[in-house]
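Worksheet for the structure shown next.
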Amino acid sequence: MTQHNLHSSDSDDFDPAASSLAGQVDQSVMAELLSIRSSIDNIDATLVYLLAERFKATQKVGFLKANHRLPAGDPGRESAQIARLRRLAEDAHLDPAFAEKFLNFIIGEVIRHHEAIAEDHQAATGRQAQAPTRA
């Protein structure tokens, strides 16, 4: 995976100390809250980069499926992945229903991307088939 600076301030004006609680709670409580939130911010940034990597891989799957006229979805694979993720969630003490909803959202996006790739591929190959040949 490509290394990225997860604390890059070049890309946005994110203020990690932003809070509507500032001035309303004890400074030591606020410091602890900001420290914990800093970890959350790092995890969120990591999740974004991991999702980007995941979608790069699924895009390759989409092109492979389009090239071989395979369906965008694979219900057998999707069911197996959902069952697997539910087990992993249970092992990690994460709500399996949440994990399933999250994966279903991702699967829906992947299928939508695969359908778009297939449509683009069909349009491109259709244009190639209709193009006059040169002698």
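Residue numbering restarts at 1 in every chain; chains get A, B, ... in the order shown in the structure tokens, and ligands count up from 1 in that same order.
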Which neighbours of Asn104 in chain A fall inside 9 Å, counting only C-alpha atoms, when residues of the same chain fewer than 4 positions from it are skipped, and could you give them as a ChimeraX atom specification?
/A:78,82,99-100,108-109
Suppose we keep N, CA, C and O atoms; can you now write the selection as a PDB file, in the first residue's frame?
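Contents of out-v3.pdb, freshly written:
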```pdb
ATOM      1  N   GLU A  78     -20.928 -13.071  -2.526  1.00  0.00           N
ATOM      2  CA  GLU A  78     -21.415 -12.047  -1.604  1.00  0.00           C
ATOM      3  C   GLU A  78     -21.934 -12.666  -0.314  1.00  0.00           C
ATOM      4  O   GLU A  78     -21.619 -12.188   0.780  1.00  0.00           O
ATOM      5  N   ILE A  82     -20.377 -12.065   3.413  1.00  0.00           N
ATOM      6  CA  ILE A  82     -21.195 -11.538   4.506  1.00  0.00           C
ATOM      7  C   ILE A  82     -21.094 -12.455   5.718  1.00  0.00           C
ATOM      8  O   ILE A  82     -20.888 -11.994   6.843  1.00  0.00           O
ATOM      9  N   ALA A  99     -21.692  -4.758  10.808  1.00  0.00           N
ATOM     10  CA  ALA A  99     -20.701  -5.212   9.832  1.00  0.00           C
ATOM     11  C   ALA A  99     -21.380  -5.646   8.537  1.00  0.00           C
ATOM     12  O   ALA A  99     -20.898  -5.342   7.442  1.00  0.00           O
ATOM     13  N   GLU A 100     -22.514  -6.328   8.663  1.00  0.00           N
ATOM     14  CA  GLU A 100     -23.243  -6.764   7.475  1.00  0.00           C
ATOM     15  C   GLU A 100     -23.783  -5.578   6.692  1.00  0.00           C
ATOM     16  O   GLU A 100     -23.687  -5.530   5.462  1.00  0.00           O
ATOM     17  N   GLY A 108     -22.917  -3.113  -2.762  1.00  0.00           N
ATOM     18  CA  GLY A 108     -23.804  -2.365  -3.656  1.00  0.00           C
ATOM     19  C   GLY A 108     -23.038  -1.374  -4.517  1.00  0.00           C
ATOM     20  O   GLY A 108     -23.296  -1.248  -5.724  1.00  0.00           O
ATOM     21  N   GLU A 109     -22.076  -0.680  -3.905  1.00  0.00           N
ATOM     22  CA  GLU A 109     -21.252   0.269  -4.663  1.00  0.00           C
ATOM     23  C   GLU A 109     -20.387  -0.451  -5.691  1.00  0.00           C
ATOM     24  O   GLU A 109     -20.245   0.009  -6.829  1.00  0.00           O
TER      25      GLU A 109
END
```
Pick out the residues sitting within 8 Å of range 28-43 of chain A, and hand them over as a ChimeraX atom specification; count only C-alpha atoms, and ignore anything fewer than 2 positions along from it in its own chain.
/A:6-7,16-17,21-22,25-26,45-47
For CA of Ala66 in chain A and CA of Ala118 in chain A, determine how far apart the two atoms are, in Å to one decimal place.
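Atom-to-atom, CA of Ala66 in chain A to CA of Ala118 in chain A, that is 4.7 Å.
When the distance limit is 12 Å and only C-alpha atoms are what count, the residues near His68 in chain A, minus those fewer than 5 positions from it on the same chain, are Val61, Gly62, Phe63, Ala118, His121 and Gln122 of chain A.
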Only N, CA, C and O atoms, please: the residues just picked out, written as a PDB file, in the first residue's frame.
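In the end it all went to again_24.pdb:
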```pdb
ATOM      1  N   VAL A  61     -11.443  -6.233 -10.936  1.00  0.00           N
ATOM      2  CA  VAL A  61     -12.415  -7.314 -11.085  1.00  0.00           C
ATOM      3  C   VAL A  61     -13.496  -6.895 -12.077  1.00  0.00           C
ATOM      4  O   VAL A  61     -13.906  -7.678 -12.938  1.00  0.00           O
ATOM      5  N   GLY A  62     -13.940  -5.650 -11.982  1.00  0.00           N
ATOM      6  CA  GLY A  62     -14.971  -5.148 -12.892  1.00  0.00           C
ATOM      7  C   GLY A  62     -14.532  -5.195 -14.346  1.00  0.00           C
ATOM      8  O   GLY A  62     -15.309  -5.590 -15.231  1.00  0.00           O
ATOM      9  N   PHE A  63     -13.268  -4.826 -14.620  1.00  0.00           N
ATOM     10  CA  PHE A  63     -12.763  -4.893 -15.994  1.00  0.00           C
ATOM     11  C   PHE A  63     -12.653  -6.338 -16.468  1.00  0.00           C
ATOM     12  O   PHE A  63     -12.986  -6.642 -17.613  1.00  0.00           O
ATOM     13  N   ALA A 118     -19.084  -2.338 -17.271  1.00  0.00           N
ATOM     14  CA  ALA A 118     -19.620  -3.219 -18.317  1.00  0.00           C
ATOM     15  C   ALA A 118     -20.310  -2.401 -19.413  1.00  0.00           C
ATOM     16  O   ALA A 118     -20.151  -2.694 -20.604  1.00  0.00           O
ATOM     17  N   HIS A 121     -17.686  -0.737 -21.434  1.00  0.00           N
ATOM     18  CA  HIS A 121     -17.008  -1.744 -22.254  1.00  0.00           C
ATOM     19  C   HIS A 121     -17.876  -2.129 -23.452  1.00  0.00           C
ATOM     20  O   HIS A 121     -17.384  -2.226 -24.580  1.00  0.00           O
ATOM     21  N   GLN A 122     -19.175  -2.332 -23.212  1.00  0.00           N
ATOM     22  CA  GLN A 122     -20.094  -2.684 -24.304  1.00  0.00           C
ATOM     23  C   GLN A 122     -20.162  -1.561 -25.327  1.00  0.00           C
ATOM     24  O   GLN A 122     -20.151  -1.816 -26.531  1.00  0.00           O
TER      25      GLN A 122
END
```
Would you list, as a compact mmCIF listing (two decimals) with C-alpha atoms, in the first residue's frame, the residues of chain A that end up in helix (DSSP H, G or I) under DSSP run on this structure's backbone?
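As written to disk, states-v1.txt reads:
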```
# COMPACT_ATOMS: atom_id res chain seq x y z
CA GLN A 27 -9.38 21.40 30.40
CA SER A 28 -8.07 17.97 31.44
CA VAL A 29 -11.28 16.32 30.19
CA MET A 30 -11.01 18.25 26.93
CA ALA A 31 -7.36 17.21 26.53
CA GLU A 32 -8.27 13.55 27.05
CA LEU A 33 -11.19 13.85 24.63
CA LEU A 34 -8.95 15.41 21.97
CA SER A 35 -6.33 12.71 22.49
CA ILE A 36 -8.89 9.95 21.94
CA ARG A 37 -10.35 11.81 18.97
CA SER A 38 -6.87 12.03 17.46
CA SER A 39 -6.77 8.23 17.40
CA ILE A 40 -10.24 8.18 15.84
CA ASP A 41 -9.07 10.65 13.19
CA ASN A 42 -6.11 8.41 12.35
CA ILE A 43 -8.39 5.38 12.09
CA ASP A 44 -10.82 7.29 9.84
CA ALA A 45 -7.97 8.34 7.55
CA THR A 46 -6.71 4.77 7.42
CA LEU A 47 -10.22 3.52 6.58
CA VAL A 48 -10.42 5.96 3.67
CA TYR A 49 -7.09 4.76 2.26
CA LEU A 50 -8.04 1.11 2.80
CA LEU A 51 -11.36 1.63 1.03
CA ALA A 52 -9.53 3.34 -1.84
CA GLU A 53 -7.23 0.32 -2.17
CA ARG A 54 -10.20 -2.04 -1.98
CA PHE A 55 -12.02 -0.17 -4.74
CA LYS A 56 -8.89 -0.20 -6.93
CA ALA A 57 -8.89 -3.99 -6.64
CA THR A 58 -12.62 -4.33 -7.28
CA GLN A 59 -12.25 -2.07 -10.31
CA LYS A 60 -9.80 -4.62 -11.75
CA VAL A 61 -12.42 -7.31 -11.08
CA GLY A 62 -14.97 -5.15 -12.89
CA PHE A 63 -12.76 -4.89 -15.99
CA LEU A 64 -12.11 -8.63 -15.94
CA LYS A 65 -15.83 -9.34 -15.68
CA ALA A 66 -16.64 -6.88 -18.46
CA ASN A 67 -14.00 -8.37 -20.76
CA PRO A 75 -24.49 -13.76 -5.05
CA GLY A 76 -22.59 -16.85 -3.90
CA ARG A 77 -19.43 -14.84 -3.24
CA GLU A 78 -21.42 -12.05 -1.60
CA SER A 79 -23.21 -14.45 0.77
CA ALA A 80 -19.93 -16.10 1.72
CA GLN A 81 -18.30 -12.73 2.35
CA ILE A 82 -21.19 -11.54 4.51
CA ALA A 83 -21.09 -14.72 6.61
CA ARG A 84 -17.31 -14.39 6.94
CA LEU A 85 -17.51 -10.74 7.94
CA ARG A 86 -20.22 -11.48 10.51
CA ARG A 87 -17.93 -14.11 12.10
CA LEU A 88 -15.00 -11.70 12.08
CA ALA A 89 -17.18 -9.01 13.63
CA GLU A 90 -18.26 -11.36 16.40
CA ASP A 91 -14.61 -12.27 17.08
CA PRO A 96 -22.38 -8.32 13.28
CA ALA A 97 -25.50 -6.55 12.00
CA PHE A 98 -23.50 -3.34 11.60
CA ALA A 99 -20.70 -5.21 9.83
CA GLU A 100 -23.24 -6.76 7.47
CA LYS A 101 -24.86 -3.40 6.69
CA PHE A 102 -21.42 -1.92 6.03
CA LEU A 103 -20.42 -4.75 3.70
CA ASN A 104 -23.78 -4.66 1.92
CA PHE A 105 -23.23 -0.95 1.25
CA ILE A 106 -19.77 -1.65 -0.16
CA ILE A 107 -21.04 -4.57 -2.25
CA GLY A 108 -23.80 -2.36 -3.66
CA GLU A 109 -21.25 0.27 -4.66
CA VAL A 110 -18.96 -2.34 -6.22
CA ILE A 111 -21.82 -3.81 -8.26
CA ARG A 112 -22.83 -0.32 -9.39
CA HIS A 113 -19.23 0.30 -10.50
CA HIS A 114 -19.06 -3.07 -12.26
CA GLU A 115 -22.28 -2.33 -14.13
CA ALA A 116 -20.89 1.04 -15.26
CA ILE A 117 -17.64 -0.58 -16.38
CA ALA A 118 -19.62 -3.22 -18.32
CA GLU A 119 -21.75 -0.54 -19.99
CA ASP A 120 -18.66 1.43 -20.98
CA HIS A 121 -17.01 -1.74 -22.25
CA GLN A 122 -20.09 -2.68 -24.30
CA ALA A 123 -20.30 0.81 -25.77
CA ALA A 124 -16.60 0.76 -26.68
CA THR A 125 -16.69 -2.72 -28.23
CA GLY A 126 -19.92 -1.85 -30.04
CA ARG A 127 -18.25 1.20 -31.59
CA GLN A 128 -15.26 -0.92 -32.61
CA ALA A 129 -17.51 -3.51 -34.25
CA GLN A 130 -19.36 -0.80 -36.18
```
